[in-house]
Each structure stands twice: as structure tokens, then as C-alpha cells.
Amino acid sequence: MDATTADRSTPVAEAAPAVPWWRHAVVYQVYLRSFADADGDGIGDIAGLRARLPWISDLGADAVWVNPWYRSPMVDGGYDVADYRDIDPRFGTLDDVRSLLADAHALGLRVIADIVPNHTSAEHPWFREALAAEPGSAARARYLFRDGRGPGGDEPPNNWLSIFGGRAWTRAPRTGDRPAQWYEHLFDPRQPDLDWASTEVREAFEAILRFWFDLGIDGFRIDVAQGLVKADGLPDVPPGVGPWVGGLSHPYWGQDGVHGIYRSWRRIADGYPGDRVLIGEVAPTEDDRHARRARFVRPDELHQVFNFDLLAAAWDVDAVATAIEAPLAANASVGAPVTWVLGNHDTPRQVTRYGRASTAAPSREEQARSHPTDVALGTRRARAAALLLLALPGCAYLYAGEELGLPDMDDLPDHVIDDPVWRRSGFTIRGRDGCRVPLPWSGDAPPFGFSPPGVGTWLPQPAAWAGLTAAGQEHDALSMLALYRAALRLRRAHPGLAGERLLRVPAPDGVLALERDAGLRCLVNIAGEPVAIPAGSRVLLRSDTGAADGDPLPRDAAAWLEPAP
Ligand code: BGC
């Protein structure tokens, strides 16, 4: 990393009063189905989350992002919405949300909802109406219905593939005299894509945003944010280009027209008091992805986009340094902070990923095979990575359970797998359920306080999690939980971590050394020889358990240092 490009020095004393909360927040992601079950049906719910808000606040988060909670047939864990203004009965009611917001706000926590604008559920009244309507009708114009190619329209309208496997087109039942049409879906066939050229669609979503903002929601994470607008004429994807991986411009990722949507959403958010935020799930994979992402966070568009570079990067100094440097430089060009993410509900947890031979996020092909995992190694690296993540300027996203050091559950029995990827891939890719197993809160055996005793959880928990419960880690100074709490406390209180400045400073081979304000340093030994703690430094926190402050920092460990007084 070039020290000069990374140095976006902003003196803390000048910046602090004007800095909006979201530029440096810690956001805790709650996959609702797997967080805490209050009503005893084995599925997490809003009342369960509400009861644990003090725990999240004590951890040191500023905000909670809750994965979709809307009425849904749950084909894709709620990313298939049948009613955007109501809560799924499995999760609770709108009144539960009101209570959640009241409690969260009383604790100083903000609540970010997840909006799913690219597609609805096939159970949404609009789609039911569209299926029953004639080709060319207004009801069909809200979605992407097209005539097929070839004799009788039997071939799909273009070559697009679904991200979950198979074609991105499904043939609708025939209505009227014409051959049956096809409808487009980037994900599961039960998640039909909306047509954002439709004014009705645009207005409906603006009204949905207002509905939730009026209720008191502090912001939205926008699902598949780069995919809403499809290229005119729905042209074929160029040969050799996959549904997700780019390299060339895609007819559905990051089309120019998408930016106008977010400009109007930004105006809506800005019309409400209290710094409401919009966070886009924008995940381009092209080499120019940083510049592409930065376009979404120009001053009049989204507040943040997810930056998945660290989540994707191998445990390797150059890969990690690039994953930090490139987004910082790109976002600095538009004055936006960077978000940092190591895990989420779509990707293997850190302990698992860093404990495998290949430590980069697995490709689709790699996901089809099982991989041996060294959990102890993965845990050491996950601890070091947590100190790296929380030392970076900008907004950190934590995926619930990472603070407990949970690994993925790789050996879920086939019959419990719920992820649509499993079926769509012809039962070759087990999908994302391994990182979605319900959290272990307390006790010695499943359901570990997630549900009342005796209740089977929607995905089974491994018995081995008895050593990883929140209650068990509570008073263990060497636990992952203790490390996260200590780091989050320092991140809040230490002036050296308050600004937006980051500098890479020289370090031995295999070691990454980053400097924040007032000389505060984060040293991460990724692949080097044990490195001496520099003279004149005081250790604030180290990731390696049981080490004395002055011990050399071994491989797979990190430390926060400040100049000794
Ligand atoms: C979400 C996934 C979901 C997909 C389709 C993604 O970005 O994070 O969990 O399956 O969108 O909605």
C-alpha cells in the first residue's frame, strides 16, 4: 500500500462534531431466523432479538442490521417477499417491530432493515396477477415477461443464467391464444425480477421506504442493489461470462440507470430527521470494481456500499493490503467512507475460511466440494482478522456469531438443507446454510438457549458448540467474545481510532503494519517470523491468547500498539 494514497488524514478534533454516525459505525448483522427464538418454534424472531438488544449494545455495536423480516414463503430465507409492509408471522408482528425500535433507540442502537427491490416472491399479489394476465398487460409490465425464441417460443428469450443455478428464465403457464411467455429471475424461479422501467414499481418502492421510515427505521440495506436495471432489449451475456463473475460489462449489473433510483431514494432518506442511511449490496467482481462501487456512494447517492474485498481476500499480506488500499483510494475520490466485512449470511464464517487450505472466499466450483478445516488455526486467524477489521477507519460490519468464534457447520444432513442453491445446483452445491446455524447462547446441549429446552431448531446445532456459547465465554478473559468486547470498547474510546486516517508503515516480510491517529498501530503477522513488539510501544490488545505484552508477535496474530507514554 502506498502510504501517501492511503493517508486521508483528517484531524480528529476538527472532524468529530460533524462526522455522521454511519461513517465510523459498527453494525451488527442479525440473521433473524438464527439469532434467538422467543416463541419456541425453533426459528428466531423479533421478540428474541428484542430480548438480546442489551447484549448487542454491551458488545459495543452502534446499529443492528436485520435480514428480511417481511411476509414470505421463505424460499430464500425471506429474500422472497410477498408483502413489503407486513412482518412474517414466524418472526412476529409490526407491533413487535415498534417495540424493537423503541427498545433499540433507548439503548442508543439504530435499526437497519433489509429491502429487496430486485425481485418479489412468486406469492406477491403482483406476480399472481401477472401470471393470470395476458401477455402485454399492465400486470405483466411490472415484471420481465418476454416471448421466447425459436419455434413456438420454446427457447428462453436470452442466455442469462441464474445465480442459484440453471437458467434465469422460467416459462409461465399459457394464458390467452399466444404461446406462453417466459419470466426472468436472477435467483430462484420463485423470485421473479421486477421491471424497474415501470413507474409503478418505482413509486411503490418509494412508498415502502416511507412506510418504514415513518415507523422509525434508521436505514436500509439494499439487496442486489446493482442489479435492478437491465440493459435495453435484454441482450445476451457475452460468451464465457458467468452469471456473477464479470470481466466485461454485464447486461444486468451496474447499469447506468440504477443510479437515478438511488438518487431519488437518497432524497427520501434525507427528508427524515436523524441521519437515516442507505447501504447497497453492490458486489462487482471486475478489476475496476472499486471505481464501480464508488459511483454508488457519490454524495447524492447511497451512504455506503458493501466492500467485500476483505471477505474475499486470502490470508496473505499482499491480498489483505490490496483489499484495504484499493477501496480506500476509490472511495476517497468521492468522499465516502469504506465498509469492512469479514463475514455474512452468504459466505463461510472466518474460522472456517481461514482454517482451510485455500483461505480466499470459495468459488462456486469450490463450494461443490467439502474441505478439511483446521478450526484452531482458523480461530487464531479469525482473532487476528478481527483486530485488523476493527482497526480500520470507516464502518465495520459484524455477522452475529463471529464474536463467538463460530465455525460453519459443514456436515448438515442433506435433508435439512434449506438454501435454494442446493436444489438449483442439482444437489451439488450445499449452499450457505452452514453459516446460518442458530446461535448458541447458553447450556451444554442443543438448543443452547436459542429456543426453549427440547425444541428442535430450524437447522441443527453441533454438540461441539457447547464450548462456544455466549454464556460460557462471558467470564473467560481469553474468549473470542472477550476479544471483540475489548476491541470494540477501545474502538469507541481511544482517540487514535476515531479519525479517518490510515497509513501503511514498513514492516518485516509477511507482516502488515497500519497506523491510525496519534501513532496507534495495528500489527498483523499474517505469514512472517515472530516479530518483536517495537521498543517504545505499549500493547493495548493482542489477539494471541495467553501471550505476555512484550512477547514477540507470532504468525497468525495481531496487536494494537500505542506509543508508550
Ligand atoms: C442476499 C442473499 C440472497 C440474494 C437474493 C443476496 O444478496 O444476501 O442472501 O439469496 O441476495 O435476494
# chains A, B, ... in the order shown; residues from 1 in each chain; ligands from 1
>>> residues_near_ligand(ligand="ligand 1", cutoff="6 Å", atoms="only C-alpha atoms and all ligand atoms", output="list in words")
Asp76, Tyr79, Asp223, Val224 and Asp346 of chain A
>>> write_last_selection(atoms="C-alpha atoms", output="mmCIF file, in the first residue's frame")
data_model
loop_
_atom_site.group_PDB
_atom_site.id
_atom_site.type_symbol
_atom_site.label_atom_id
_atom_site.label_comp_id
_atom_site.auth_asym_id
_atom_site.auth_seq_id
_atom_site.Cartn_x
_atom_site.Cartn_y
_atom_site.Cartn_z
ATOM 1 C CA ASP A 76 -34.748 -17.942 0.072
ATOM 2 C CA TYR A 79 -35.323 -12.713 0.311
ATOM 3 C CA ASP A 223 -30.380 -6.300 -1.576
ATOM 4 C CA VAL A 224 -28.813 -6.894 -5.011
ATOM 5 C CA ASP A 346 -23.865 -15.754 2.293
#
>>> residues_around(residues="stretch 439-453 of chain A", least_positions_apart="5", cutoff="10 Å", atoms="only C-alpha atoms", output="PyMOL selection string")
chain A and resi 31+33-44+48+400-401+404+406+460-473
>>> select_by_dssp(residues="stretch 273-347 of chain A", states="helix (DSSP H, G or I)", output="list in words")
Arg289, His290, Ala291, Arg292, Arg293, Ala294, Arg295, Phe296, Asp309, Leu310, Leu311, Ala312, Val317, Asp318, Ala319, Val320, Ala321, Thr322, Ala323, Ile324, Glu325, Ala326, Pro327, Leu328, Ala329, Ala330, Asn331 and Ala332 of chain A
>>> closest_residue(among="A:Arg380, A:Arg90, A:Arg521, A:Arg50", to="A:Ala104", atoms="only C-alpha atoms")
A:Arg50
>>> closest_residue(among="A:Ser137, A:Ser425, A:Ser363, A:Gln191", to="A:Ser121", atoms="only C-alpha atoms")
A:Gln191
>>> closest_residue(among="A:Trp560, A:Phe91, A:Phe127, A:Tyr143", to="A:Leu194", atoms="only C-alpha atoms")
A:Tyr143
>>> decode(residues="stretch 123-165 of chain A", atoms="N, CA and C atoms", output="PDB file, in the first residue's frame")
ATOM      1  N   GLU A 123     -45.235 -15.377  -4.664  1.00  0.00           N
ATOM      2  CA  GLU A 123     -46.521 -15.276  -3.940  1.00  0.00           C
ATOM      3  C   GLU A 123     -46.987 -13.833  -3.787  1.00  0.00           C
ATOM      4  N   HIS A 124     -46.189 -12.887  -4.248  1.00  0.00           N
ATOM      5  CA  HIS A 124     -46.616 -11.483  -4.151  1.00  0.00           C
ATOM      6  C   HIS A 124     -47.866 -11.292  -5.013  1.00  0.00           C
ATOM      7  N   PRO A 125     -48.852 -10.522  -4.521  1.00  0.00           N
ATOM      8  CA  PRO A 125     -50.082 -10.348  -5.321  1.00  0.00           C
ATOM      9  C   PRO A 125     -49.802  -9.857  -6.730  1.00  0.00           C
ATOM     10  N   TRP A 126     -48.794  -9.019  -6.915  1.00  0.00           N
ATOM     11  CA  TRP A 126     -48.450  -8.538  -8.259  1.00  0.00           C
ATOM     12  C   TRP A 126     -48.098  -9.698  -9.180  1.00  0.00           C
ATOM     13  N   PHE A 127     -47.322 -10.643  -8.668  1.00  0.00           N
ATOM     14  CA  PHE A 127     -46.885 -11.723  -9.563  1.00  0.00           C
ATOM     15  C   PHE A 127     -48.038 -12.682  -9.848  1.00  0.00           C
ATOM     16  N   ARG A 128     -48.843 -12.915  -8.846  1.00  0.00           N
ATOM     17  CA  ARG A 128     -50.023 -13.777  -9.092  1.00  0.00           C
ATOM     18  C   ARG A 128     -50.905 -13.167 -10.169  1.00  0.00           C
ATOM     19  N   GLU A 129     -51.084 -11.850 -10.043  1.00  0.00           N
ATOM     20  CA  GLU A 129     -51.895 -11.137 -11.031  1.00  0.00           C
ATOM     21  C   GLU A 129     -51.251 -11.249 -12.414  1.00  0.00           C
ATOM     22  N   ALA A 130     -49.930 -11.106 -12.440  1.00  0.00           N
ATOM     23  CA  ALA A 130     -49.219 -11.144 -13.724  1.00  0.00           C
ATOM     24  C   ALA A 130     -49.352 -12.512 -14.381  1.00  0.00           C
ATOM     25  N   LEU A 131     -49.265 -13.562 -13.597  1.00  0.00           N
ATOM     26  CA  LEU A 131     -49.364 -14.909 -14.169  1.00  0.00           C
ATOM     27  C   LEU A 131     -50.745 -15.146 -14.789  1.00  0.00           C
ATOM     28  N   ALA A 132     -51.748 -14.566 -14.157  1.00  0.00           N
ATOM     29  CA  ALA A 132     -53.112 -14.775 -14.640  1.00  0.00           C
ATOM     30  C   ALA A 132     -53.438 -13.866 -15.823  1.00  0.00           C
ATOM     31  N   ALA A 133     -52.601 -12.825 -16.033  1.00  0.00           N
ATOM     32  CA  ALA A 133     -52.932 -11.816 -17.047  1.00  0.00           C
ATOM     33  C   ALA A 133     -52.379 -12.210 -18.419  1.00  0.00           C
ATOM     34  N   GLU A 134     -52.842 -11.500 -19.428  1.00  0.00           N
ATOM     35  CA  GLU A 134     -52.424 -11.751 -20.813  1.00  0.00           C
ATOM     36  C   GLU A 134     -51.038 -11.169 -21.058  1.00  0.00           C
ATOM     37  N   PRO A 135     -50.291 -11.736 -22.012  1.00  0.00           N
ATOM     38  CA  PRO A 135     -49.060 -11.080 -22.452  1.00  0.00           C
ATOM     39  C   PRO A 135     -49.369  -9.640 -22.882  1.00  0.00           C
ATOM     40  N   GLY A 136     -48.471  -8.731 -22.534  1.00  0.00           N
ATOM     41  CA  GLY A 136     -48.657  -7.332 -22.925  1.00  0.00           C
ATOM     42  C   GLY A 136     -49.515  -6.539 -21.960  1.00  0.00           C
ATOM     43  N   SER A 137     -50.035  -7.184 -20.920  1.00  0.00           N
ATOM     44  CA  SER A 137     -50.909  -6.475 -19.977  1.00  0.00           C
ATOM     45  C   SER A 137     -50.093  -5.617 -19.011  1.00  0.00           C
ATOM     46  N   ALA A 138     -50.801  -4.682 -18.368  1.00  0.00           N
ATOM     47  CA  ALA A 138     -50.133  -3.823 -17.372  1.00  0.00           C
ATOM     48  C   ALA A 138     -49.611  -4.663 -16.212  1.00  0.00           C
ATOM     49  N   ALA A 139     -50.326  -5.728 -15.881  1.00  0.00           N
ATOM     50  CA  ALA A 139     -49.899  -6.560 -14.746  1.00  0.00           C
ATOM     51  C   ALA A 139     -48.551  -7.214 -15.055  1.00  0.00           C
ATOM     52  N   ARG A 140     -48.355  -7.602 -16.321  1.00  0.00           N
ATOM     53  CA  ARG A 140     -47.079  -8.245 -16.679  1.00  0.00           C
ATOM     54  C   ARG A 140     -45.949  -7.229 -16.788  1.00  0.00           C
ATOM     55  N   ALA A 141     -46.304  -5.960 -17.012  1.00  0.00           N
ATOM     56  CA  ALA A 141     -45.270  -4.937 -17.218  1.00  0.00           C
ATOM     57  C   ALA A 141     -44.505  -4.613 -15.937  1.00  0.00           C
ATOM     58  N   ARG A 142     -44.972  -5.091 -14.797  1.00  0.00           N
ATOM     59  CA  ARG A 142     -44.212  -4.863 -13.555  1.00  0.00           C
ATOM     60  C   ARG A 142     -43.028  -5.831 -13.441  1.00  0.00           C
ATOM     61  N   TYR A 143     -43.068  -6.891 -14.234  1.00  0.00           N
ATOM     62  CA  TYR A 143     -42.001  -7.905 -14.215  1.00  0.00           C
ATOM     63  C   TYR A 143     -41.386  -7.980 -15.601  1.00  0.00           C
ATOM     64  N   LEU A 144     -40.455  -8.902 -15.783  1.00  0.00           N
ATOM     65  CA  LEU A 144     -39.806  -9.041 -17.080  1.00  0.00           C
ATOM     66  C   LEU A 144     -40.340 -10.290 -17.785  1.00  0.00           C
ATOM     67  N   PHE A 145     -41.537 -10.149 -18.312  1.00  0.00           N
ATOM     68  CA  PHE A 145     -42.128 -11.221 -19.129  1.00  0.00           C
ATOM     69  C   PHE A 145     -41.735 -10.969 -20.581  1.00  0.00           C
ATOM     70  N   ARG A 146     -41.333 -12.006 -21.271  1.00  0.00           N
ATOM     71  CA  ARG A 146     -40.968 -11.873 -22.681  1.00  0.00           C
ATOM     72  C   ARG A 146     -41.424 -13.123 -23.439  1.00  0.00           C
ATOM     73  N   ASP A 147     -41.606 -12.933 -24.752  1.00  0.00           N
ATOM     74  CA  ASP A 147     -41.850 -14.098 -25.597  1.00  0.00           C
ATOM     75  C   ASP A 147     -40.548 -14.872 -25.738  1.00  0.00           C
ATOM     76  N   GLY A 148     -40.672 -16.185 -25.917  1.00  0.00           N
ATOM     77  CA  GLY A 148     -39.480 -16.996 -26.103  1.00  0.00           C
ATOM     78  C   GLY A 148     -38.952 -16.904 -27.520  1.00  0.00           C
ATOM     79  N   ARG A 149     -37.779 -17.485 -27.720  1.00  0.00           N
ATOM     80  CA  ARG A 149     -37.205 -17.529 -29.065  1.00  0.00           C
ATOM     81  C   ARG A 149     -37.544 -18.880 -29.702  1.00  0.00           C
ATOM     82  N   GLY A 150     -37.314 -18.954 -30.995  1.00  0.00           N
ATOM     83  CA  GLY A 150     -37.472 -20.228 -31.699  1.00  0.00           C
ATOM     84  C   GLY A 150     -38.922 -20.581 -31.954  1.00  0.00           C
ATOM     85  N   PRO A 151     -39.106 -21.736 -32.627  1.00  0.00           N
ATOM     86  CA  PRO A 151     -40.478 -22.146 -32.976  1.00  0.00           C
ATOM     87  C   PRO A 151     -41.339 -22.291 -31.730  1.00  0.00           C
ATOM     88  N   GLY A 152     -42.496 -21.685 -31.755  1.00  0.00           N
ATOM     89  CA  GLY A 152     -43.420 -21.771 -30.625  1.00  0.00           C
ATOM     90  C   GLY A 152     -42.944 -21.020 -29.401  1.00  0.00           C
ATOM     91  N   GLY A 153     -41.852 -20.248 -29.569  1.00  0.00           N
ATOM     92  CA  GLY A 153     -41.315 -19.510 -28.408  1.00  0.00           C
ATOM     93  C   GLY A 153     -40.802 -20.444 -27.332  1.00  0.00           C
ATOM     94  N   ASP A 154     -40.307 -21.606 -27.753  1.00  0.00           N
ATOM     95  CA  ASP A 154     -39.934 -22.630 -26.783  1.00  0.00           C
ATOM     96  C   ASP A 154     -38.558 -22.414 -26.157  1.00  0.00           C
ATOM     97  N   GLU A 155     -37.764 -21.531 -26.764  1.00  0.00           N
ATOM     98  CA  GLU A 155     -36.436 -21.251 -26.200  1.00  0.00           C
ATOM     99  C   GLU A 155     -36.499 -19.992 -25.353  1.00  0.00           C
ATOM    100  N   PRO A 156     -35.739 -19.928 -24.249  1.00  0.00           N
ATOM    101  CA  PRO A 156     -35.796 -18.715 -23.426  1.00  0.00           C
ATOM    102  C   PRO A 156     -35.344 -17.480 -24.212  1.00  0.00           C
ATOM    103  N   PRO A 157     -35.813 -16.313 -23.791  1.00  0.00           N
ATOM    104  CA  PRO A 157     -35.551 -15.088 -24.548  1.00  0.00           C
ATOM    105  C   PRO A 157     -34.074 -14.733 -24.693  1.00  0.00           C
ATOM    106  N   ASN A 158     -33.227 -15.120 -23.761  1.00  0.00           N
ATOM    107  CA  ASN A 158     -31.790 -14.895 -23.936  1.00  0.00           C
ATOM    108  C   ASN A 158     -31.019 -15.943 -23.143  1.00  0.00           C
ATOM    109  N   ASN A 159     -29.685 -15.763 -23.070  1.00  0.00           N
ATOM    110  CA  ASN A 159     -28.851 -16.824 -22.485  1.00  0.00           C
ATOM    111  C   ASN A 159     -28.554 -16.624 -21.002  1.00  0.00           C
ATOM    112  N   TRP A 160     -29.275 -15.745 -20.333  1.00  0.00           N
ATOM    113  CA  TRP A 160     -28.925 -15.451 -18.947  1.00  0.00           C
ATOM    114  C   TRP A 160     -29.084 -16.683 -18.051  1.00  0.00           C
ATOM    115  N   LEU A 161     -28.141 -16.790 -17.119  1.00  0.00           N
ATOM    116  CA  LEU A 161     -28.184 -17.891 -16.154  1.00  0.00           C
ATOM    117  C   LEU A 161     -28.520 -17.350 -14.774  1.00  0.00           C
ATOM    118  N   SER A 162     -29.150 -18.175 -13.977  1.00  0.00           N
ATOM    119  CA  SER A 162     -29.494 -17.775 -12.617  1.00  0.00           C
ATOM    120  C   SER A 162     -28.272 -17.950 -11.714  1.00  0.00           C
ATOM    121  N   ILE A 163     -28.142 -17.028 -10.764  1.00  0.00           N
ATOM    122  CA  ILE A 163     -27.030 -17.112  -9.811  1.00  0.00           C
ATOM    123  C   ILE A 163     -27.153 -18.365  -8.945  1.00  0.00           C
ATOM    124  N   PHE A 164     -28.356 -18.826  -8.762  1.00  0.00           N
ATOM    125  CA  PHE A 164     -28.554 -20.034  -7.958  1.00  0.00           C
ATOM    126  C   PHE A 164     -28.442 -21.315  -8.802  1.00  0.00           C
ATOM    127  N   GLY A 165     -28.153 -21.181 -10.083  1.00  0.00           N
ATOM    128  CA  GLY A 165     -28.025 -22.349 -10.941  1.00  0.00           C
ATOM    129  C   GLY A 165     -29.184 -22.438 -11.928  1.00  0.00           C
TER     130      GLY A 165
END
